[in-house]
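Visitor: One structure, as structure tokens, below. Some questions next.
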Amino acid sequence: MHSLYISNTVSTSDNWDLIYKKYLEEILNRGSIFEGRNGETRSVFGCSVTVDAREGVPITTLRKLPFKNLIREFLFDIGTNTNVEALGKAKHFWDFLADEDGWLGASAYNRQWRTWPASLPGSEIPNERLTVSGVVDQFERVRKLLIDTPNSRHGTIITTNPTAIDPACPPCHLSLQFMPNGKWLDVMIPARSNDMVVGFPLDIARYTIILECMARLTGFAARYVYMPSTNSHIYENCYSVAKDMIVRTTRSNPRLIVKGNHATWDDFVLDDFELEGYDPHDSIKVGVN
């Protein structure tokens, strides 16, 4: 059962798009209006969604999403190359944040997830040990932790890097917390900022895929994706898109198919992923804000 907590009320449904439509309606009808870097924006503070991966992957059918590009972005996020060329056909998601040579630096999630920079030698304080050479691969560390200690509450991956000064875009999602519960594996992703029309529909699906893959790599079964959000918003140039999606009929949740055997994060490739039963409405062109 998927659920939405917003405006002190809880909505639940087996159909992901009923939850997503309710989210959009609440922002358009009750959101605060303010002027931001992209003009007028409507937003709500302090809401959350819970996705049940057992009910299917939360890829909206209210407009067609580019599934293969979604997987390309997922593979980029779990890789180690921070140049937009590694995204292939999906590089338009990120190239506006890159420098003239295509490098994203700390704006790339995989910079923190797979290659967190080492600390400077001598920066330790008493009773502390730090990695002072190489990089920290947080995704591999958590994978091994969940295998070795399958009841651990320490499966945290940090995204926000306070040592990175003025990245082109600070990561919108602050961390991932994987939580085992018997045979199930859940994940929480607190968000500082959610663009509900452009980014969120891809992000919530991508984190469900990440949960599915982490579960497969550690012997669990994927269950809940929980995303609390500080600021969920719709930009003015997307008001009409949101309204168009709200009046469209919902369709069944598609299911994610992951083929092949995988031992590490580096084993996943594009052709491992298929979407079964995806019957979306026509695509609606949206621009990255």
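A note on labels: chains of the structure tokens are A, B, ... as shown, every chain counts residues from 1, and ligands are counted from 1 in their shown order.
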So that I can see what lies close to range 16-18 of chain A, please list as a list of chain:residue names the residues with an atom at most 6 Å from it, counting only C-alpha atoms and leaving out residues fewer than 3 positions away in the same chain.

Guide: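 Counting only C-alpha atoms, the residues come to A:Lys21, A:Pro58, A:Thr60, A:Thr250.
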
Visitor: Out of range 167-216 of chain A, which residues get helix (DSSP H, G or I) from DSSP, as a list in words?

Guide: Phe200, Pro201, Leu202, Asp203, Ile204, Ala205, Arg206, Tyr207, Thr208, Ile209, Ile210, Leu211, Glu212, Cys213, Met214, Ala215 and Arg216 of chain A

Visitor: Quick one: write out the picked residues with C-alpha atoms as an mmCIF file, in the first residue's frame?

Guide:
data_model
loop_
_atom_site.group_PDB
_atom_site.id
_atom_site.type_symbol
_atom_site.label_atom_id
_atom_site.label_comp_id
_atom_site.auth_asym_id
_atom_site.auth_seq_id
_atom_site.Cartn_x
_atom_site.Cartn_y
_atom_site.Cartn_z
ATOM 1 C CA PHE A 200 10.359 13.592 -8.269
ATOM 2 C CA PRO A 201 8.655 11.138 -10.689
ATOM 3 C CA LEU A 202 12.078 9.922 -11.813
ATOM 4 C CA ASP A 203 13.650 10.069 -8.357
ATOM 5 C CA ILE A 204 11.034 8.000 -6.511
ATOM 6 C CA ALA A 205 11.249 5.328 -9.215
ATOM 7 C CA ARG A 206 15.063 5.380 -9.164
ATOM 8 C CA TYR A 207 15.224 4.934 -5.399
ATOM 9 C CA THR A 208 12.847 1.998 -5.669
ATOM 10 C CA ILE A 209 15.235 0.467 -8.194
ATOM 11 C CA ILE A 210 18.174 1.147 -5.856
ATOM 12 C CA LEU A 211 16.297 -0.585 -3.028
ATOM 13 C CA GLU A 212 15.521 -3.558 -5.259
ATOM 14 C CA CYS A 213 19.173 -3.888 -6.240
ATOM 15 C CA MET A 214 20.500 -3.470 -2.693
ATOM 16 C CA ALA A 215 18.051 -6.160 -1.552
ATOM 17 C CA ARG A 216 19.205 -8.526 -4.303
#

Visitor: From a DSSP pass on the backbone, collect the residues of range 67-177 of chain A flagged as strand (DSSP E) and hand them back as an mmCIF file with N, CA and C atoms, in the first residue's frame.

Guide:
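Everything below was put into selection-v6.cif:
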data_model
loop_
_atom_site.group_PDB
_atom_site.id
_atom_site.type_symbol
_atom_site.label_atom_id
_atom_site.label_comp_id
_atom_site.auth_asym_id
_atom_site.auth_seq_id
_atom_site.Cartn_x
_atom_site.Cartn_y
_atom_site.Cartn_z
ATOM 1 N N TRP A 116 33.526 8.967 -1.996
ATOM 2 C CA TRP A 116 33.628 10.033 -0.993
ATOM 3 C C TRP A 116 35.101 10.331 -0.745
ATOM 4 N N PRO A 117 35.492 11.625 -0.800
ATOM 5 C CA PRO A 117 36.919 11.946 -0.692
ATOM 6 C C PRO A 117 37.488 11.641 0.690
ATOM 7 N N VAL A 135 39.483 6.524 -1.482
ATOM 8 C CA VAL A 135 38.137 7.075 -1.356
ATOM 9 C C VAL A 135 37.282 6.098 -0.554
ATOM 10 N N VAL A 136 36.136 6.566 -0.114
ATOM 11 C CA VAL A 136 35.193 5.726 0.618
ATOM 12 C C VAL A 136 34.042 5.364 -0.311
ATOM 13 N N GLY A 155 23.194 1.133 8.260
ATOM 14 C CA GLY A 155 23.283 1.167 6.800
ATOM 15 C C GLY A 155 22.994 2.529 6.211
ATOM 16 N N THR A 156 23.800 3.516 6.573
ATOM 17 C CA THR A 156 23.584 4.897 6.152
ATOM 18 C C THR A 156 24.558 5.297 5.054
ATOM 19 N N ILE A 157 24.033 5.963 4.034
ATOM 20 C CA ILE A 157 24.842 6.525 2.953
ATOM 21 C C ILE A 157 24.567 8.020 2.917
ATOM 22 N N ILE A 158 25.604 8.822 3.098
ATOM 23 C CA ILE A 158 25.463 10.269 3.160
ATOM 24 C C ILE A 158 25.661 10.870 1.768
ATOM 25 N N SER A 175 20.474 11.775 2.158
ATOM 26 C CA SER A 175 21.078 10.507 2.558
ATOM 27 C C SER A 175 20.165 9.361 2.179
ATOM 28 N N LEU A 176 20.663 8.149 2.364
ATOM 29 C CA LEU A 176 19.849 6.931 2.284
ATOM 30 C C LEU A 176 20.097 6.139 3.558
ATOM 31 N N GLN A 177 19.031 5.694 4.182
ATOM 32 C CA GLN A 177 19.144 4.853 5.370
ATOM 33 C C GLN A 177 18.461 3.524 5.079
#

Visitor: Any idea what the distance is between CA of Lys91 in chain A and CA of Glu276 in chain A?

Guide: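 We find that CA of Lys91 in chain A and CA of Glu276 in chain A lie 24.9 Å from each other.
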
Visitor: Considering only C-alpha atoms, return as a ChimeraX atom specification whatever protein or nucleic-acid residues lie within 12 Å of Asp14 in chain A, sequence-local ones (same chain, fewer than 3 positions apart) excluded.

Guide: /A:1-4,11,17-20,50-58,250-254

Visitor: Leaving out Arg114 in chain A and any residue of its chain fewer than 6 positions from it, which residues lie within 10 Å of it when counting only C-alpha atoms, given as a PyMOL selection string?

Guide: chain A and resi 77-81+135-141+157+265

Visitor: Nearest to Gln112 in chain A: which of A:Lys243, A:His233, A:His173, A:Arg255 is it, counting only C-alpha atoms?

Guide: A:His173

Visitor: Counting only C-alpha atoms, which residues of range 131-231 of chain A sit at most 12 Å from some atom of range 26-31 of chain A, and what is each one's closest atom pair with its distance in Å to one decimal, listed by chain and rising residue number, as CSV?

Guide:
residue,atom,partner,partner_atom,distance
A:Asn194,CA,A:Ile27,CA,11.6
A:Asp195,CA,A:Ile27,CA,11.1
A:Met196,CA,A:Ile27,CA,9.1
A:Val197,CA,A:Ile27,CA,11.1
A:Asn231,CA,A:Gly31,CA,10.3
